[in-house]
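What follows is the content of input_35.cif (mmCIF, C-alpha atoms).
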```cif
data_entry
#
loop_
_atom_site.label_atom_id
_atom_site.label_comp_id
_atom_site.auth_asym_id
_atom_site.auth_seq_id
_atom_site.Cartn_x
_atom_site.Cartn_y
_atom_site.Cartn_z
CA MET A 134 29.01 112.39 -52.29
CA LYS A 135 32.17 113.19 -50.37
CA LYS A 136 32.75 110.77 -47.49
CA SER A 137 34.80 110.95 -44.36
CA LEU A 138 37.58 108.46 -43.79
CA GLN A 139 35.44 106.51 -41.31
CA THR A 140 32.56 106.23 -43.76
CA THR A 141 34.99 105.23 -46.52
CA LEU A 142 36.20 102.39 -44.31
CA VAL A 143 32.61 101.08 -44.28
CA HIS A 144 31.44 102.07 -47.79
CA THR A 145 34.02 101.53 -50.50
CA ASP A 146 33.60 102.72 -54.08
CA TYR A 147 35.50 99.73 -55.43
CA THR A 148 33.69 96.94 -57.29
CA ALA A 149 35.65 93.88 -58.43
CA PRO A 150 35.60 93.32 -62.19
CA GLU A 151 33.21 90.69 -63.55
CA GLY A 152 34.27 87.59 -65.46
CA PHE A 153 36.12 85.66 -62.75
CA ASP A 154 35.62 81.89 -62.92
CA ALA A 155 37.21 78.89 -61.18
CA PHE A 156 36.42 75.30 -60.36
CA PRO A 157 35.73 75.81 -56.62
CA PRO A 158 32.33 77.36 -55.86
CA ALA A 159 32.46 80.73 -54.17
CA ILE A 160 31.98 80.99 -50.41
CA HIS A 161 29.29 83.54 -49.60
CA HIS A 162 29.31 84.63 -45.95
CA ALA A 163 26.15 86.50 -45.01
CA SER A 164 23.63 86.99 -42.28
CA THR A 165 22.11 90.18 -43.72
CA VAL A 166 21.24 89.95 -47.42
CA LEU A 167 20.83 93.23 -49.32
CA PHE A 168 17.88 93.96 -51.62
CA LYS A 169 18.10 96.22 -54.67
CA ASN A 170 14.96 98.05 -53.62
CA VAL A 171 11.85 97.75 -51.47
CA ALA A 172 9.92 96.00 -54.23
CA ALA A 173 12.57 93.29 -54.42
CA MET A 174 12.45 92.88 -50.64
CA ARG A 175 8.66 92.45 -50.69
CA SER A 176 8.55 90.10 -53.67
CA GLY A 177 11.33 87.74 -52.61
CA GLN A 178 10.08 84.37 -51.31
CA TRP A 179 12.55 82.29 -49.33
CA LYS A 180 10.51 79.10 -49.76
CA GLU A 181 10.60 79.45 -53.54
CA LYS A 182 14.37 80.00 -53.57
CA ASN A 183 13.81 82.61 -56.26
CA ALA A 184 15.55 85.29 -54.21
CA TYR A 185 17.96 85.67 -51.33
CA THR A 186 16.26 87.04 -48.22
CA TYR A 187 18.40 86.22 -45.18
CA GLY A 188 21.52 84.18 -44.58
CA LEU A 189 19.63 81.56 -42.59
CA HIS A 190 17.44 80.85 -45.62
CA GLY A 191 20.35 80.31 -47.96
CA THR A 192 23.13 81.84 -50.04
CA PRO A 193 24.53 80.77 -53.42
CA THR A 194 26.93 78.49 -51.52
CA THR A 195 24.26 76.54 -49.64
CA PHE A 196 21.84 76.53 -52.58
CA THR A 197 24.56 74.96 -54.73
CA LEU A 198 25.30 72.25 -52.17
CA GLU A 199 21.59 71.48 -51.78
CA ALA A 200 21.18 71.10 -55.54
CA ARG A 201 24.17 68.77 -55.81
CA LEU A 202 22.99 66.56 -52.96
CA ALA A 203 19.53 66.30 -54.49
CA GLU A 204 21.16 65.18 -57.76
CA ILE A 205 23.08 62.41 -55.99
CA GLU A 206 19.88 60.97 -54.50
CA ASP A 207 17.85 61.64 -57.66
CA GLY A 208 15.61 63.93 -55.63
CA LYS A 209 14.26 67.41 -56.32
CA HIS A 210 14.52 69.36 -53.08
CA CYS A 211 17.10 69.53 -50.30
CA LEU A 212 17.46 71.23 -46.94
CA LEU A 213 20.66 71.49 -44.92
CA ALA A 214 20.91 71.16 -41.15
CA PRO A 215 23.76 71.60 -38.64
CA SER A 216 24.02 67.82 -38.08
CA GLY A 217 22.40 64.55 -39.05
CA LEU A 218 20.48 64.54 -35.77
CA ALA A 219 19.21 68.06 -36.45
CA ALA A 220 17.90 66.82 -39.81
CA ILE A 221 16.14 63.91 -38.08
CA ALA A 222 14.58 66.31 -35.56
CA MET A 223 13.41 68.53 -38.41
CA VAL A 224 11.44 65.64 -39.88
CA ASP A 225 9.82 64.74 -36.56
CA PHE A 226 8.84 68.29 -35.65
CA ALA A 227 7.56 69.00 -39.15
CA LEU A 228 5.32 65.95 -39.40
CA LEU A 229 4.29 64.93 -35.87
CA LYS A 230 1.99 66.45 -33.27
CA SER A 231 0.54 65.38 -29.94
CA GLY A 232 -1.53 62.23 -30.37
CA ASP A 233 0.40 60.96 -33.39
CA ASP A 234 2.26 57.66 -33.56
CA LEU A 235 5.85 57.13 -34.68
CA LEU A 236 7.48 53.81 -35.63
CA LEU A 237 11.24 53.37 -35.21
CA PRO A 238 13.34 50.28 -36.02
CA ASP A 239 14.84 48.62 -32.96
CA ASN A 240 18.32 49.07 -34.49
CA VAL A 241 17.85 52.80 -35.01
CA TYR A 242 20.71 55.30 -34.55
CA ASN A 243 20.71 55.78 -30.79
CA PRO A 244 20.28 59.60 -30.77
CA ASN A 245 17.18 59.05 -32.95
CA ARG A 246 15.96 56.60 -30.28
CA GLU A 247 16.57 59.26 -27.61
CA LEU A 248 14.63 61.78 -29.70
CA GLY A 249 11.75 59.32 -29.94
CA ARG A 250 11.83 58.88 -26.17
CA TRP A 251 11.73 62.67 -25.71
CA LEU A 252 8.79 63.03 -28.10
CA SER A 253 6.97 60.30 -26.21
CA ASN A 254 7.67 61.64 -22.73
CA ASP A 255 7.21 65.38 -23.29
CA PHE A 256 5.27 65.96 -26.51
CA GLY A 257 2.48 63.38 -26.49
CA VAL A 258 3.78 61.45 -29.49
CA SER A 259 3.79 57.68 -29.05
CA ALA A 260 7.12 56.21 -30.19
CA ARG A 261 7.08 52.45 -30.79
CA TYR A 262 9.84 50.14 -31.96
CA TYR A 263 9.64 47.43 -34.58
CA ASP A 264 11.82 44.54 -35.68
CA PRO A 265 14.07 45.95 -38.46
CA MET A 266 13.50 42.70 -40.38
CA ALA A 267 9.69 43.03 -40.21
CA GLY A 268 9.33 43.83 -43.92
CA ALA A 269 5.69 43.65 -45.03
CA GLY A 270 4.80 42.54 -41.49
CA ILE A 271 5.06 46.16 -40.39
CA ALA A 272 1.52 46.57 -41.71
CA GLN A 273 0.30 44.87 -38.52
CA LEU A 274 1.87 47.66 -36.44
CA ILE A 275 0.42 50.61 -38.34
CA GLN A 276 -2.35 52.31 -36.37
CA PRO A 277 -4.87 54.93 -37.52
CA ASN A 278 -2.73 57.62 -35.86
CA THR A 279 0.62 56.39 -37.27
CA ARG A 280 2.11 59.26 -39.26
CA LEU A 281 5.77 58.38 -39.80
CA ILE A 282 8.00 55.32 -40.08
CA TRP A 283 11.76 55.70 -39.76
CA THR A 284 14.02 53.22 -41.51
CA GLU A 285 17.78 52.75 -41.43
CA ALA A 286 19.52 50.74 -44.13
CA PRO A 287 21.40 49.01 -42.70
CA GLY A 288 21.35 49.54 -38.96
CA SER A 289 24.54 51.46 -38.25
CA VAL A 290 25.66 49.17 -35.40
CA SER A 291 24.09 45.72 -35.86
CA MET A 292 23.88 45.98 -39.67
CA GLU A 293 20.48 44.38 -40.40
CA VAL A 294 19.28 45.33 -43.88
CA PRO A 295 15.52 46.04 -43.98
CA ASP A 296 13.20 45.25 -46.88
CA LEU A 297 12.48 48.86 -47.81
CA PRO A 298 10.11 48.18 -50.74
CA ALA A 299 7.93 45.98 -48.50
CA ILE A 300 7.88 48.54 -45.68
CA CYS A 301 7.14 51.39 -48.08
CA ALA A 302 4.34 49.49 -49.78
CA ALA A 303 2.67 48.75 -46.45
CA ALA A 304 3.07 52.37 -45.35
CA SER A 305 1.82 53.84 -48.62
CA ALA A 306 -1.31 51.70 -48.50
CA ARG A 307 -2.18 53.37 -45.19
CA GLY A 308 -1.04 56.89 -46.10
CA VAL A 309 1.98 56.81 -43.80
CA LEU A 310 5.24 58.54 -44.71
CA VAL A 311 8.57 56.69 -44.68
CA ALA A 312 11.88 58.40 -43.87
CA LEU A 313 15.18 56.68 -44.62
CA ASP A 314 18.48 57.28 -42.87
CA ASN A 315 20.72 56.67 -45.89
CA THR A 316 23.98 57.71 -44.22
CA TRP A 317 25.62 54.28 -44.49
CA SER A 318 25.61 54.40 -48.31
CA ALA A 319 25.86 58.20 -48.73
CA GLY A 320 23.28 57.95 -51.51
CA LEU A 321 25.85 56.18 -53.66
CA ALA A 322 24.93 52.53 -53.06
CA LEU A 323 21.20 52.80 -52.36
CA ARG A 324 18.53 54.87 -54.15
CA GLY A 325 15.79 55.28 -51.58
CA PHE A 326 13.23 57.06 -53.74
CA ASP A 327 13.26 54.24 -56.27
CA LEU A 328 12.23 51.88 -53.45
CA GLY A 329 9.30 54.01 -52.31
CA VAL A 330 10.83 56.18 -49.58
CA ASP A 331 9.35 59.68 -49.09
CA ILE A 332 12.24 61.41 -47.29
CA VAL A 333 15.96 60.64 -47.42
CA MET A 334 18.18 61.83 -44.58
CA GLN A 335 21.95 61.87 -44.79
CA ALA A 336 24.55 62.82 -42.21
CA LEU A 337 27.00 64.75 -44.39
CA THR A 338 29.47 64.41 -41.54
CA LYS A 339 30.50 61.07 -43.04
CA TYR A 340 31.61 60.29 -46.62
CA GLN A 341 30.35 63.58 -48.06
CA SER A 342 32.83 65.66 -46.08
CA GLY A 343 35.40 62.87 -45.82
CA GLY A 344 37.65 64.82 -43.48
CA SER A 345 36.24 64.08 -40.01
CA ASP A 346 35.93 67.83 -39.56
CA VAL A 347 32.37 68.82 -40.51
CA LEU A 348 29.00 68.38 -38.81
CA MET A 349 26.07 68.64 -41.21
CA GLY A 350 22.89 66.87 -42.27
CA ALA A 351 20.54 66.96 -45.23
CA LEU A 352 16.93 66.12 -46.03
CA ILE A 353 16.06 65.29 -49.62
CA THR A 354 12.58 64.89 -51.07
CA ARG A 355 10.80 64.68 -54.40
CA GLU A 356 7.33 65.98 -53.48
CA ARG A 357 7.02 69.75 -53.27
CA ALA A 358 4.25 69.75 -50.64
CA LEU A 359 6.31 67.55 -48.36
CA HIS A 360 9.39 69.70 -48.91
CA ASP A 361 7.39 72.80 -47.94
CA LYS A 362 6.36 71.21 -44.63
CA LEU A 363 9.97 70.41 -43.87
CA ALA A 364 11.08 73.89 -44.98
CA MET A 365 8.66 75.53 -42.54
CA ALA A 366 10.13 73.47 -39.69
CA HIS A 367 13.60 74.39 -40.93
CA MET A 368 12.68 78.08 -40.72
CA ARG A 369 10.85 77.86 -37.38
CA LEU A 370 13.69 75.96 -35.73
CA GLY A 371 16.26 78.40 -37.11
CA LEU A 372 18.46 75.70 -38.60
CA GLY A 373 21.40 76.85 -40.69
CA VAL A 374 24.90 75.81 -41.73
CA SER A 375 28.02 77.87 -42.25
CA ALA A 376 29.19 78.73 -45.74
CA ASP A 377 32.67 77.42 -44.89
CA ASP A 378 31.30 74.02 -43.90
CA ALA A 379 29.13 73.88 -47.02
CA TYR A 380 32.24 74.61 -49.08
CA LEU A 381 34.18 71.81 -47.37
CA VAL A 382 31.47 69.31 -48.26
CA MET A 383 31.32 70.53 -51.87
CA ARG A 384 35.08 70.34 -52.18
CA ALA A 385 34.95 66.67 -51.15
CA LEU A 386 32.05 65.57 -53.38
CA PRO A 387 34.08 64.96 -56.58
CA SER A 388 36.17 62.32 -54.83
CA MET A 389 33.36 60.80 -52.74
CA LYS A 390 32.56 57.84 -55.01
CA LEU A 391 36.25 56.95 -55.39
CA ARG A 392 36.76 57.13 -51.64
CA PHE A 393 33.61 55.12 -50.94
CA GLU A 394 34.76 52.35 -53.26
CA ALA A 395 38.20 52.32 -51.63
CA HIS A 396 36.62 52.06 -48.17
CA ASP A 397 34.40 49.25 -49.46
CA ALA A 398 37.24 47.18 -50.92
CA ALA A 399 39.42 47.55 -47.83
CA ALA A 400 36.54 46.80 -45.44
CA ARG A 401 35.62 43.59 -47.25
CA ARG A 402 39.23 42.46 -47.08
CA VAL A 403 39.53 43.14 -43.36
CA ALA A 404 36.09 41.67 -42.62
CA ALA A 405 36.89 38.49 -44.57
CA TRP A 406 40.09 38.08 -42.56
CA LEU A 407 38.23 38.61 -39.29
CA LYS A 408 35.66 36.01 -40.31
CA GLY A 409 38.36 33.34 -40.15
CA ARG A 410 39.61 34.30 -36.70
CA PRO A 411 38.75 32.11 -33.68
CA GLU A 412 38.30 35.20 -31.50
CA VAL A 413 35.32 36.31 -33.62
CA ALA A 414 31.92 34.62 -33.40
CA ARG A 415 30.19 36.67 -36.13
CA VAL A 416 31.04 39.28 -38.72
CA LEU A 417 28.10 41.58 -39.40
CA HIS A 418 28.75 42.90 -42.89
CA PRO A 419 25.78 43.24 -45.29
CA ALA A 420 27.84 41.94 -48.23
CA PHE A 421 28.39 38.63 -46.41
CA ALA A 422 25.79 35.90 -46.87
CA ASP A 423 25.19 35.30 -43.14
CA CYS A 424 24.41 38.95 -42.29
CA PRO A 425 20.70 39.53 -41.59
CA GLY A 426 19.12 40.93 -44.74
CA HIS A 427 22.01 40.02 -47.05
CA ALA A 428 19.63 38.97 -49.84
CA THR A 429 17.92 42.35 -49.57
CA TRP A 430 21.27 44.12 -49.65
CA LYS A 431 22.23 42.17 -52.77
CA ARG A 432 18.96 43.15 -54.43
CA ASP A 433 18.86 46.84 -53.49
CA PHE A 434 22.46 47.99 -52.96
CA SER A 435 25.41 48.47 -55.30
CA GLY A 436 28.15 48.78 -52.66
CA ALA A 437 28.94 48.67 -48.98
CA GLY A 438 31.37 51.36 -47.80
CA GLY A 439 33.70 50.91 -44.85
CA LEU A 440 31.44 50.23 -41.85
CA PHE A 441 30.76 46.82 -40.33
CA SER A 442 30.65 45.13 -36.92
CA VAL A 443 31.96 41.95 -35.32
CA VAL A 444 30.71 39.98 -32.34
CA PHE A 445 33.48 38.47 -30.23
CA ASP A 446 33.31 34.91 -29.01
CA GLU A 447 31.30 34.87 -25.80
CA ARG A 448 34.24 33.50 -23.82
CA TYR A 449 35.75 36.99 -23.91
CA THR A 450 34.54 39.44 -21.28
CA GLU A 451 33.87 43.11 -21.86
CA GLU A 452 37.06 43.92 -19.98
CA GLN A 453 39.11 41.72 -22.31
CA VAL A 454 37.55 43.23 -25.42
CA ASP A 455 38.20 46.72 -24.04
CA ARG A 456 41.88 45.77 -23.69
CA PHE A 457 41.86 44.68 -27.33
CA VAL A 458 40.38 48.02 -28.41
CA ASP A 459 42.87 49.98 -26.32
CA ALA A 460 45.75 48.00 -27.87
CA LEU A 461 44.92 49.04 -31.45
CA GLU A 462 47.35 51.62 -32.80
CA LEU A 463 45.96 52.45 -36.27
CA PHE A 464 42.32 52.68 -35.13
CA GLY A 465 41.06 55.67 -33.23
CA ILE A 466 38.35 55.08 -30.63
CA GLY A 467 35.54 57.32 -31.77
CA TYR A 468 32.06 57.59 -33.23
CA SER A 469 31.22 58.34 -36.86
CA TRP A 470 32.77 57.02 -40.06
CA GLY A 471 33.61 57.99 -43.63
CA GLY A 472 36.93 59.72 -42.94
CA ALA A 473 40.42 58.68 -43.97
CA ASN A 474 41.27 57.35 -40.50
CA SER A 475 40.04 53.98 -39.29
CA LEU A 476 37.89 53.91 -36.16
CA VAL A 477 36.70 51.31 -33.68
CA MET A 478 33.92 51.43 -31.09
CA PRO A 479 32.75 48.77 -28.59
CA TYR A 480 29.03 48.77 -27.77
CA ARG A 481 26.91 47.61 -24.88
CA MET A 482 24.07 46.32 -27.02
CA SER A 483 21.67 45.82 -24.11
CA ALA A 484 21.71 49.60 -23.61
CA ILE A 485 20.74 50.48 -27.20
CA ARG A 486 18.60 47.51 -28.28
CA ARG A 487 15.41 46.12 -26.85
CA ASN A 488 15.65 42.66 -28.38
CA TRP A 489 19.35 41.99 -28.81
CA VAL A 490 20.01 38.26 -28.27
CA GLY A 491 23.76 38.07 -28.91
CA LYS A 492 26.00 37.07 -26.00
CA GLY A 493 29.39 38.25 -27.22
CA VAL A 494 30.65 41.84 -27.12
CA LEU A 495 29.99 43.78 -30.33
CA VAL A 496 32.68 46.03 -31.78
CA ARG A 497 32.08 48.27 -34.78
CA PHE A 498 34.89 48.95 -37.25
CA ASN A 499 35.17 51.83 -39.68
CA ILE A 500 37.85 50.99 -42.22
CA GLY A 501 39.57 54.12 -43.45
CA LEU A 502 42.00 54.69 -46.29
CA GLU A 503 45.06 53.04 -44.74
CA ASP A 504 46.62 49.96 -46.32
CA PRO A 505 44.33 47.08 -45.26
CA ALA A 506 47.36 44.83 -44.71
CA ASP A 507 48.58 47.25 -42.04
CA LEU A 508 45.14 47.32 -40.42
CA ILE A 509 45.02 43.51 -40.34
CA GLY A 510 48.45 43.42 -38.75
CA ASP A 511 47.34 45.91 -36.11
CA ILE A 512 44.23 43.87 -35.29
CA GLU A 513 46.20 40.63 -35.14
CA ARG A 514 48.67 42.15 -32.71
CA ALA A 515 45.85 43.53 -30.54
CA PHE A 516 44.20 40.10 -30.40
CA GLY A 517 47.14 39.13 -28.24
CA ARG A 518 45.75 41.36 -25.47
CA LEU A 519 42.58 39.26 -25.21
CA ALA A 520 44.31 36.46 -23.31
#
```
Just dump the structure as C-alpha cells.
Amino acid sequence: MKKSLQTTLVHTDYTAPEGFDAFPPAIHHASTVLFKNVAAMRSGQWKEKNAYTYGLHGTPTTFTLEARLAEIEDGKHCLLAPSGLAAIAMVDFALLKSGDDLLLPDNVYNPNRELGRWLSNDFGVSARYYDPMAGAGIAQLIQPNTRLIWTEAPGSVSMEVPDLPAICAAASARGVLVALDNTWSAGLALRGFDLGVDIVMQALTKYQSGGSDVLMGALITRERALHDKLAMAHMRLGLGVSADDAYLVMRALPSMKLRFEAHDAAARRVAAWLKGRPEVARVLHPAFADCPGHATWKRDFSGAGGLFSVVFDERYTEEQVDRFVDALELFGIGYSWGGANSLVMPYRMSAIRRNWVGKGVLVRFNIGLEDPADLIGDIERAFGRLA
C-alpha cells in the first residue's frame, strides 16, 4: 500500500533486527498496548499477567521489576504503586469496609496514621492504636470485626522492634491479616513471610532506588487469593508507575545489598560515638542492647541499615536542638532515607505518638555513604551550637 508522507511519519515500514541483548532491562513506554488480533484482545487477562492489555496493568519493564522484588522477599506476587503511602492505601481499600476494625502500632509511619484517621472519620472503619511492644498481648485487642493489623519493624522514628511471630500467631488464630511495613530493612535484613506476615509493603523510594530521586512502593504476597484482592484495588484506584522509574529501581538493585551493608557499618560507628556523648540521653538503634525490642531484632534480623534516632538530654530545649540541626553541614534536613547523602530530622514526638514518655528532643539520623569520620566531625562541631 502506497502511503503519503504524513502517513509514513506515523506508520514506518522499518522493524529493528532481532537478537539484541544487554545487561540493562529494556524500558517499555506504553499507555496503549497493541493486540495481534481481536481474539488476542478478548483472551488476554491482566490479572493473570499472561498478556499485556494496557500500560496501567503492566509492561515487560514493570513485570520484571515486580518479579525481582518478589524474589528478594521470597514472595510470589508483587504490585507496584506510585509511592509507599499509595501501597499502604491499596491494602486498606482492598481489605477494609465500613464497620471493620483496623489495628495500627502507636509508632506507625505518620502518613499511615493519617490514613487511619481518614478511614475512621469518613469511611466508617474504626482505627485503633496498640503498643508496638504488645507482642502476643495484641490478642486482647482483636475484636470480631478486626480485619487487618499493620506492623512496622522497627518503628521508623522511635525504633521499637515488635515481636512479629507473636503478633502473627495471635492474628492467625482469629483469622486476621497482618501487613508489614518492611521499608527499614528493604527485605534484606528481615524475611516477613517466614515470621507469619501475610502482606509485605516496601517503599522503594529508599534503598531500592538508592538515588533519592524515585517515588515508588510495592506490595508482595504469597497467597494468590490475597494478591487478587489487592490487584483489584490496584486496578480500581488506577495506580501505576512510570517505566523510567521502574528502570531506575532495577538499575540500583544489583548494588543494594552492598550499599545497605555500608550504611549499616557507618551508622553503627556514628551511633556508638553518639552513645558516649554527654549531649545525648539515649541512642535508639535496634542493634544496641538498650533499644526496645533489641532481643527480637537479634533473633529476627540480619542487619540494620543506616537509620536510627537519638534523644537529646532534656536540659536542651527544642530551640537549641534546632540550632544543632541547622549547624550540620554534611547532613541535609529532609525526610526519607536510603540514599547516598546523610539526612537529619528533628521530631515533635507528642504530635505523632499517643504514649510517648520521653522528655528530650528526638532527632532521627540517616547515615549515608560519606566517610563516617567526617560525619562524626560534623556532628561534634554542631554540638557546639547547643550551648
Would you kindly translate the PyMOL selection byres ((chain A and resi 382) around 12) into the concrete residues it picks from this file, as a PyMOL selection string? chain A and resi 157-158+160+194-195+197-199+201-202+213+336-351+374-381+383-389
Using all atoms listed in the file, find the one residue out of A:Glu293, A:Asp264, A:Asp154, A:Asp255 that sits nearest to Pro425 in chain A.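 Checking each of A:Glu293, A:Asp264, A:Asp154, A:Asp255 against Pro425 in chain A, counting all atoms listed in the file, the winner is A:Glu293.
The residues caught by the PyMOL selection byres ((chain A and resi 400) around 9) in this file are Ala395, His396, Asp397, Ala398, Ala399, Arg401, Arg402, Val403, Ala404, Ala405, Ala437, Gly438, Gly439, Leu440, Phe441, Phe498, Asn499, Ile500, Gly501 and Pro505 of chain A.
Closest approach to Lys209 in chain A among A:Ala358, A:Leu228, A:Met292, A:Ala506 is made by A:Ala358 (distances from all atoms listed in the file).
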From the list A:Leu236, A:Thr140, A:Arg497, A:Val330, which residue is nearest Trp470 in chain A when using all atoms listed in the file?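 Using all atoms listed in the file, the shortest distance to Trp470 in chain A belongs to A:Arg497.
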What separates CA of Asp446 in chain A and CA of Val494 in chain A is a distance of 7.7 Å
Do a neighbour search on Asn245 in chain A at 10 Å with all atoms listed in the file, toss out local chain neighbours closer than 2 positions, and write the hits as a short mmCIF file (atom, residue, chain, number, x, y, z; two decimals) with C-alpha atoms, in the frame of the given file.
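Output saved as result-v5.cif:
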```cif
data_model
loop_
_atom_site.label_atom_id
_atom_site.label_comp_id
_atom_site.auth_asym_id
_atom_site.auth_seq_id
_atom_site.Cartn_x
_atom_site.Cartn_y
_atom_site.Cartn_z
CA GLY A 217 22.40 64.55 -39.05
CA LEU A 218 20.48 64.54 -35.77
CA ALA A 219 19.21 68.06 -36.45
CA ILE A 221 16.14 63.91 -38.08
CA ALA A 222 14.58 66.31 -35.56
CA ASP A 225 9.82 64.74 -36.56
CA LEU A 237 11.24 53.37 -35.21
CA VAL A 241 17.85 52.80 -35.01
CA TYR A 242 20.71 55.30 -34.55
CA ASN A 243 20.71 55.78 -30.79
CA GLU A 247 16.57 59.26 -27.61
CA LEU A 248 14.63 61.78 -29.70
CA GLY A 249 11.75 59.32 -29.94
CA ARG A 250 11.83 58.88 -26.17
CA TRP A 251 11.73 62.67 -25.71
CA TRP A 283 11.76 55.70 -39.76
#
```
One decimal, Å: what's the distance from CA of Ala414 in chain A over to CA of Ala520 in chain A, could you say?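 If I compute the distance from CA of Ala414 in chain A to CA of Ala520 in chain A, I get 16.1 Å.
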Would you mind telling me which residue in A:Ala312, A:Met368, A:Ala272, A:Ala200 lies nearest to Tyr187 in chain A when using only C-alpha atoms?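 Of the candidates, the smallest distance to Tyr187 in chain A is held by A:Met368.
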Applied to this file, what does the PyMOL selection byres ((chain A and resi 288) around 10) return in terms of residues, put as a list in words?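 For this structure, the PyMOL selection byres ((chain A and resi 288) around 10) captures Pro238, Asp239, Asn240, Val241, Tyr242, Pro265, Thr284, Glu285, Ala286, Pro287, Ser289, Val290, Ser291, Met292, Glu293, Val294, Pro295, Asp314, Asn315, Trp317, Pro419 and Phe441 of chain A.
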Contact residues around Ala515 in chain A with only C-alpha atoms at 8 Å, ignoring same-chain residues under 3 positions, as number ranges by chain: A: 457-458, 460-461, 511-512, 518-519
Could you work out how far CA of Tyr262 in chain A lies from CA of Gly320 in chain A, giving the answer in Å with one decimal? 25.0 Å
Extract, using all atoms listed in the file, all DNA, RNA and protein residues at most 9 Å from Val413 in chain A, discarding same-chain residues fewer than 2 positions from it, and format them as a short mmCIF file (atom, residue, chain, number, x, y, z; two decimals) with C-alpha atoms, in the coordinates of the input.
```cif
data_model
loop_
_atom_site.label_atom_id
_atom_site.label_comp_id
_atom_site.auth_asym_id
_atom_site.auth_seq_id
_atom_site.Cartn_x
_atom_site.Cartn_y
_atom_site.Cartn_z
CA LEU A 407 38.23 38.61 -39.29
CA LYS A 408 35.66 36.01 -40.31
CA GLY A 409 38.36 33.34 -40.15
CA ARG A 410 39.61 34.30 -36.70
CA PRO A 411 38.75 32.11 -33.68
CA ARG A 415 30.19 36.67 -36.13
CA VAL A 416 31.04 39.28 -38.72
CA VAL A 443 31.96 41.95 -35.32
CA VAL A 444 30.71 39.98 -32.34
CA PHE A 445 33.48 38.47 -30.23
CA ASP A 446 33.31 34.91 -29.01
CA GLU A 447 31.30 34.87 -25.80
CA GLY A 493 29.39 38.25 -27.22
#
```
Restricting the calculation to all atoms listed in the file, which member of A:Gln335, A:Thr145, A:Gln139, A:Gln276 is positioned closest to Arg307 in chain A?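 Nearest to Arg307 in chain A: A:Gln276.
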Among the residues A:Ala184, A:Leu417, A:Ala422, A:Ala302, the one that comes closest to Leu495 in chain A [using only C-alpha atoms]: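 Ranked by minimum distance to Leu495 in chain A, first place goes to A:Leu417.
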From (33.6, 58.5, -31.2), in the file's coordinates, out to 9 Å: which residues are reached, counting only C-alpha atoms? Answer as a ChimeraX atom specification. /A:465-469,476-478
Please save C-alpha atoms of the selected residues as a JSON list (two decimals), in the frame of the given file.
```json
[["chain", "number", "residue", "atom", "x", "y", "z"],
["A", 465, "GLY", "CA", 41.06, 55.67, -33.23],
["A", 466, "ILE", "CA", 38.35, 55.08, -30.63],
["A", 467, "GLY", "CA", 35.54, 57.32, -31.77],
["A", 468, "TYR", "CA", 32.06, 57.59, -33.23],
["A", 469, "SER", "CA", 31.22, 58.34, -36.86],
["A", 476, "LEU", "CA", 37.89, 53.91, -36.16],
["A", 477, "VAL", "CA", 36.70, 51.31, -33.68],
["A", 478, "MET", "CA", 33.92, 51.43, -31.09]]
```
For Arg324 in chain A, find every residue with an atom within 10 Å (counting only C-alpha atoms), except residues of its own chain fewer than 3 positions away, and show them as number ranges by chain. A: 205-208, 315, 318-321, 327-330, 333, 433-435
Please provide the set of residues having any atom within 12 Å of range 360-363 of chain A, restricted to all atoms listed in the file, with same-chain residues fewer than 5 positions apart removed, written as a PDB file with C-alpha atoms, in the frame of the given file.
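Written file, out-v6.pdb:
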```pdb
ATOM      1  CA  TRP A 179      12.550  82.290 -49.330  1.00  0.00           C
ATOM      2  CA  LYS A 180      10.510  79.100 -49.760  1.00  0.00           C
ATOM      3  CA  GLU A 181      10.600  79.450 -53.540  1.00  0.00           C
ATOM      4  CA  LYS A 182      14.370  80.000 -53.570  1.00  0.00           C
ATOM      5  CA  GLY A 208      15.610  63.930 -55.630  1.00  0.00           C
ATOM      6  CA  LYS A 209      14.260  67.410 -56.320  1.00  0.00           C
ATOM      7  CA  HIS A 210      14.520  69.360 -53.080  1.00  0.00           C
ATOM      8  CA  CYS A 211      17.100  69.530 -50.300  1.00  0.00           C
ATOM      9  CA  LEU A 212      17.460  71.230 -46.940  1.00  0.00           C
ATOM     10  CA  LEU A 213      20.660  71.490 -44.920  1.00  0.00           C
ATOM     11  CA  ALA A 214      20.910  71.160 -41.150  1.00  0.00           C
ATOM     12  CA  ALA A 220      17.900  66.820 -39.810  1.00  0.00           C
ATOM     13  CA  ILE A 221      16.140  63.910 -38.080  1.00  0.00           C
ATOM     14  CA  ALA A 222      14.580  66.310 -35.560  1.00  0.00           C
ATOM     15  CA  MET A 223      13.410  68.530 -38.410  1.00  0.00           C
ATOM     16  CA  VAL A 224      11.440  65.640 -39.880  1.00  0.00           C
ATOM     17  CA  ASP A 225       9.820  64.740 -36.560  1.00  0.00           C
ATOM     18  CA  PHE A 226       8.840  68.290 -35.650  1.00  0.00           C
ATOM     19  CA  ALA A 227       7.560  69.000 -39.150  1.00  0.00           C
ATOM     20  CA  LEU A 228       5.320  65.950 -39.400  1.00  0.00           C
ATOM     21  CA  LEU A 229       4.290  64.930 -35.870  1.00  0.00           C
ATOM     22  CA  ASP A 331       9.350  59.680 -49.090  1.00  0.00           C
ATOM     23  CA  ILE A 332      12.240  61.410 -47.290  1.00  0.00           C
ATOM     24  CA  VAL A 333      15.960  60.640 -47.420  1.00  0.00           C
ATOM     25  CA  MET A 334      18.180  61.830 -44.580  1.00  0.00           C
ATOM     26  CA  ALA A 351      20.540  66.960 -45.230  1.00  0.00           C
ATOM     27  CA  LEU A 352      16.930  66.120 -46.030  1.00  0.00           C
ATOM     28  CA  ILE A 353      16.060  65.290 -49.620  1.00  0.00           C
ATOM     29  CA  THR A 354      12.580  64.890 -51.070  1.00  0.00           C
ATOM     30  CA  ARG A 355      10.800  64.680 -54.400  1.00  0.00           C
ATOM     31  CA  MET A 368      12.680  78.080 -40.720  1.00  0.00           C
ATOM     32  CA  ARG A 369      10.850  77.860 -37.380  1.00  0.00           C
ATOM     33  CA  LEU A 370      13.690  75.960 -35.730  1.00  0.00           C
ATOM     34  CA  LEU A 372      18.460  75.700 -38.600  1.00  0.00           C
TER      35      LEU A 372
END
```
